[in-house]
>>> print(open('input_3.cif').read())   # mmCIF, C-alpha atoms
data_target
loop_
_atom_site.group_PDB
_atom_site.id
_atom_site.type_symbol
_atom_site.label_atom_id
_atom_site.label_comp_id
_atom_site.auth_asym_id
_atom_site.auth_seq_id
_atom_site.Cartn_x
_atom_site.Cartn_y
_atom_site.Cartn_z
ATOM 1 C CA MET L 8 125.836 -13.085 71.167
ATOM 2 C CA PRO L 9 125.421 -14.151 67.538
ATOM 3 C CA ASN L 10 121.979 -15.176 66.300
ATOM 4 C CA ARG L 11 123.056 -18.799 65.971
ATOM 5 C CA ASP L 12 123.996 -19.058 69.671
ATOM 6 C CA TRP L 13 120.626 -17.617 70.608
ATOM 7 C CA ILE L 14 118.906 -20.574 68.919
ATOM 8 C CA THR L 15 121.322 -23.382 69.823
ATOM 9 C CA THR L 16 121.896 -22.494 73.476
ATOM 10 C CA ASP L 17 119.679 -24.815 75.596
ATOM 11 C CA PHE L 18 118.149 -26.168 72.400
ATOM 12 C CA THR L 19 116.755 -29.284 74.165
ATOM 13 C CA TRP L 20 114.816 -27.191 76.688
ATOM 14 C CA LYS L 21 113.503 -24.897 73.986
ATOM 15 C CA LEU L 22 112.355 -27.842 71.866
ATOM 16 C CA LEU L 23 110.666 -29.489 74.869
ATOM 17 C CA SER L 24 108.885 -26.204 75.702
ATOM 18 C CA LEU L 25 107.672 -25.882 72.114
ATOM 19 C CA ILE L 26 106.344 -29.469 72.084
ATOM 20 C CA LEU L 27 104.521 -28.958 75.410
ATOM 21 C CA ALA L 28 103.010 -25.671 74.202
ATOM 22 C CA VAL L 29 101.708 -27.291 71.009
ATOM 23 C CA ALA L 30 100.305 -30.273 72.948
ATOM 24 C CA LEU L 31 98.563 -27.928 75.401
ATOM 25 C CA TRP L 32 97.109 -25.849 72.549
ATOM 26 C CA ILE L 33 95.778 -28.976 70.780
ATOM 27 C CA THR L 34 94.212 -30.276 74.016
ATOM 28 C CA ILE L 35 92.443 -26.995 74.780
ATOM 29 C CA HIS L 36 91.352 -26.573 71.170
ATOM 30 C CA ASN L 37 89.809 -30.066 71.125
ATOM 31 C CA LEU L 38 88.047 -29.589 74.474
ATOM 32 C CA ARG L 39 86.542 -26.305 73.348
ATOM 33 C CA ASP L 40 85.250 -27.716 70.070
ATOM 34 C CA THR L 41 83.836 -30.955 71.516
ATOM 35 C CA PRO L 42 80.032 -30.634 71.694
ATOM 36 C CA GLU L 43 78.423 -31.460 74.995
ATOM 37 C CA ALA L 44 76.419 -34.633 75.188
ATOM 38 C CA VAL L 45 72.788 -33.899 74.456
ATOM 39 C CA VAL L 46 70.114 -36.400 75.259
ATOM 40 C CA PRO L 47 67.719 -36.099 72.320
ATOM 41 C CA PHE L 48 64.596 -37.347 74.071
ATOM 42 C CA ALA L 49 65.067 -35.870 77.533
ATOM 43 C CA THR L 50 62.035 -33.978 78.695
ATOM 44 C CA VAL L 51 61.913 -31.383 81.404
ATOM 45 C CA SER L 52 59.067 -31.377 83.888
ATOM 46 C CA THR L 53 57.983 -28.570 86.162
ATOM 47 C CA VAL L 54 56.273 -29.127 89.500
ATOM 48 C CA THR L 55 54.961 -26.575 91.999
ATOM 49 C CA PHE L 56 55.114 -27.493 95.671
ATOM 50 C CA THR L 57 52.702 -25.511 97.815
ATOM 51 C CA ASN L 58 52.730 -24.775 101.528
ATOM 52 C CA LEU L 59 56.408 -25.599 102.097
ATOM 53 C CA PRO L 60 57.455 -24.570 105.608
ATOM 54 C CA VAL L 61 60.238 -21.988 105.943
ATOM 55 C CA PHE L 62 62.785 -22.887 108.622
ATOM 56 C CA ALA L 63 65.030 -20.372 110.371
ATOM 57 C CA VAL L 64 68.661 -21.530 110.552
ATOM 58 C CA SER L 65 71.750 -20.058 112.196
ATOM 59 C CA THR L 66 75.288 -21.235 112.809
ATOM 60 C CA GLY L 67 75.457 -20.080 116.395
ATOM 61 C CA ALA L 68 72.293 -18.416 117.659
ATOM 62 C CA ASP L 69 69.192 -20.065 119.038
ATOM 63 C CA VAL L 70 66.424 -19.726 116.438
ATOM 64 C CA HIS L 71 63.516 -20.960 118.564
ATOM 65 C CA ASN L 72 62.440 -17.354 119.205
ATOM 66 C CA ALA L 73 62.357 -16.509 115.493
ATOM 67 C CA GLN L 74 58.975 -15.887 113.894
ATOM 68 C CA VAL L 75 58.858 -16.096 110.097
ATOM 69 C CA VAL L 76 55.947 -14.440 108.274
ATOM 70 C CA PRO L 77 54.714 -15.985 106.068
ATOM 71 C CA ASN L 78 55.958 -19.324 107.289
ATOM 72 C CA LEU L 79 54.663 -21.256 104.254
ATOM 73 C CA ILE L 80 55.759 -20.635 100.664
ATOM 74 C CA ASN L 81 55.253 -22.050 97.169
ATOM 75 C CA VAL L 82 58.216 -23.260 95.110
ATOM 76 C CA LYS L 83 58.272 -24.145 91.406
ATOM 77 C CA VAL L 84 61.051 -26.585 90.487
ATOM 78 C CA SER L 85 62.012 -28.225 87.220
ATOM 79 C CA GLY L 86 64.255 -31.027 86.052
ATOM 80 C CA PRO L 87 64.419 -34.201 83.988
ATOM 81 C CA SER L 88 61.159 -36.161 83.996
ATOM 82 C CA ASP L 89 62.722 -39.251 85.548
ATOM 83 C CA ILE L 90 63.980 -37.272 88.560
ATOM 84 C CA MET L 91 60.809 -35.201 88.891
ATOM 85 C CA ALA L 92 58.592 -38.307 88.873
ATOM 86 C CA GLY L 93 60.103 -39.483 92.159
ATOM 87 C CA LEU L 94 60.572 -36.071 93.795
ATOM 88 C CA GLN L 95 58.835 -35.729 97.150
ATOM 89 C CA LYS L 96 57.828 -32.578 99.014
ATOM 90 C CA ASN L 97 60.139 -33.431 101.921
ATOM 91 C CA GLU L 98 63.181 -33.265 99.588
ATOM 92 C CA ILE L 99 62.702 -29.516 99.036
ATOM 93 C CA HIS L 100 63.936 -27.351 101.927
ATOM 94 C CA ALA L 101 63.204 -23.642 102.364
ATOM 95 C CA THR L 102 65.341 -21.754 104.869
ATOM 96 C CA VAL L 103 66.089 -18.248 106.100
ATOM 97 C CA ASN L 104 69.654 -17.680 107.282
ATOM 98 C CA LEU L 105 69.781 -15.789 110.591
ATOM 99 C CA THR L 106 73.529 -16.105 111.140
ATOM 100 C CA GLY L 107 74.849 -12.997 112.857
ATOM 101 C CA THR L 108 71.398 -11.762 113.874
ATOM 102 C CA ASP L 109 70.606 -11.762 117.594
ATOM 103 C CA SER L 110 67.401 -9.739 117.623
ATOM 104 C CA ALA L 111 65.315 -8.117 114.922
ATOM 105 C CA ARG L 112 61.838 -6.827 114.231
ATOM 106 C CA GLY L 113 60.412 -7.005 110.712
ATOM 107 C CA LEU L 114 63.725 -7.995 109.144
ATOM 108 C CA SER L 115 63.165 -8.831 105.452
ATOM 109 C CA LEU L 116 65.288 -11.763 104.260
ATOM 110 C CA ASN L 117 65.551 -13.847 101.098
ATOM 111 C CA VAL L 118 64.270 -17.406 101.201
ATOM 112 C CA GLU L 119 66.894 -19.965 100.189
ATOM 113 C CA VAL L 120 65.668 -23.226 98.669
ATOM 114 C CA SER L 121 67.767 -26.375 98.452
ATOM 115 C CA THR L 122 66.873 -29.202 96.089
ATOM 116 C CA PRO L 123 68.307 -32.600 95.150
ATOM 117 C CA PRO L 124 70.937 -32.757 92.374
ATOM 118 C CA GLY L 125 69.473 -32.238 88.905
ATOM 119 C CA VAL L 126 66.532 -30.183 90.143
ATOM 120 C CA ALA L 127 66.510 -26.421 89.497
ATOM 121 C CA VAL L 128 64.535 -23.847 91.446
ATOM 122 C CA GLY L 129 62.281 -21.775 89.207
ATOM 123 C CA GLU L 130 60.075 -19.470 91.242
ATOM 124 C CA ILE L 131 59.772 -18.853 94.958
ATOM 125 C CA ALA L 132 56.568 -17.175 96.123
ATOM 126 C CA PRO L 133 57.103 -15.058 98.116
ATOM 127 C CA PRO L 134 60.873 -14.675 97.577
ATOM 128 C CA ARG L 135 61.321 -12.690 100.829
ATOM 129 C CA VAL L 136 59.877 -13.167 104.298
ATOM 130 C CA SER L 137 59.707 -11.011 107.384
ATOM 131 C CA VAL L 138 61.554 -12.257 110.461
ATOM 132 C CA THR L 139 61.133 -11.151 114.060
ATOM 133 C CA ILE L 140 63.552 -12.422 116.682
ATOM 134 C CA SER L 141 62.802 -11.730 120.334
ATOM 135 C CA PRO L 142 65.842 -11.277 122.562
ATOM 136 C CA PRO L 143 66.393 -14.226 124.901
#
>>> encode(input="input_3.cif", output="structure tokens")
Amino acid sequence: MPNRDWITTDFTWKLLSLILAVALWITIHNLRDTPEAVVPFATVSTVTFTNLPVFAVSTGADVHNAQVVPNLINVKVSGPSDIMAGLQKNEIHATVNLTGTDSARGLSLNVEVSTPPGVAVGEIAPPRVSVTISPP
């Protein structure tokens, strides 16, 4: 096949592919170089909630027999001042996931903390708790 046929065969498809590739490159290049919006006067506040109860949760097992020690923890959260000003203690939830555990004695598990959107968890004290589950 001569060099000329290599270029002219399916020329329309090759031109369309080249145009799409250039358009895609320009789009990605512009997205990568666009600075993220920065709020110049946004302030971040940090609040520590003390004595938050730790709840045992499970997808299938009964968690009424679970004993969590310690059952109260402290959580430091931070976020924009406007969100933190209205944040209440009951919007922060500390849980221990017992899914797949039927019985245990002195099982050490991580505490998981869920917060409203825009609020980040800083420190959890203590980060692990001991769980004892009596067989039913």
>>> resolve_selection(input="input_3.cif", expression="the PyMOL selection byres ((chain L and resi 89) around 10)", output="list in words")
Ala49, Thr50, Val51, Ser52, Gly86, Pro87, Ser88, Ile90, Met91, Ala92, Gly93 and Leu94 of chain L
>>> closest_residue(input="input_3.cif", among="L:Ala63, L:Val82, L:Val54, L:Val76", to="Ala132 (chain L)", atoms="only C-alpha atoms")
L:Val82
>>> residues_around(input="input_3.cif", residues="Ile99 (chain L)", least_positions_apart="6", cutoff="10 Å", atoms="only C-alpha atoms", output="MDAnalysis selection string")
chainID L and resid 56 59:60 82 84 120:123 126 128
>>> resolve_selection(input="input_3.cif", expression="the PyMOL selection byres ((chain L and resi 137) around 8)", output="number ranges by chain")
L: 75-77, 113-116, 135-136, 138-139
>>> atom_distance(input="input_3.cif", atom1="CA of Asn72 (chain L)", atom2="CA of Ile131 (chain L)")
24.4 Å
>>> resolve_selection(input="input_3.cif", expression="the PyMOL selection byres ((chain L and resi 140) around 10)", output="ChimeraX atom specification")
/L:69-75,105,108-114,138-139,141-143
>>> atom_distance(input="input_3.cif", atom1="CA of Phe62 (chain L)", atom2="CA of Ala101 (chain L)")
6.3 Å
>>> axis_aligned_box(input="input_3.cif", around="region 82-89 of chain L", padding_each_side="6 Å", output="JSON")
{"center_x": 61.3, "center_y": -31.3, "center_z": 89.5, "size_x": 18.2, "size_y": 28.0, "size_z": 23.1}
>>> atom_distance(input="input_3.cif", atom1="CA of Asp12 (chain L)", atom2="CA of Ala28 (chain L)")
22.5 Å
>>> residues_around(input="input_3.cif", residues="Thr66 (chain L)", least_positions_apart="4", cutoff="9 Å", atoms="all atoms listed in the file", output="PyMOL selection string")
chain L and resi 104-107
>>> closest_residue(input="input_3.cif", among="L:Ser65, L:Asn37, L:Pro124, L:Thr19", to="Thr102 (chain L)", atoms="all atoms listed in the file")
L:Ser65
>>> closest_residue(input="input_3.cif", among="L:Ser24, L:Ser85, L:Thr57, L:Gln95", to="Pro133 (chain L)", atoms="only C-alpha atoms")
L:Thr57
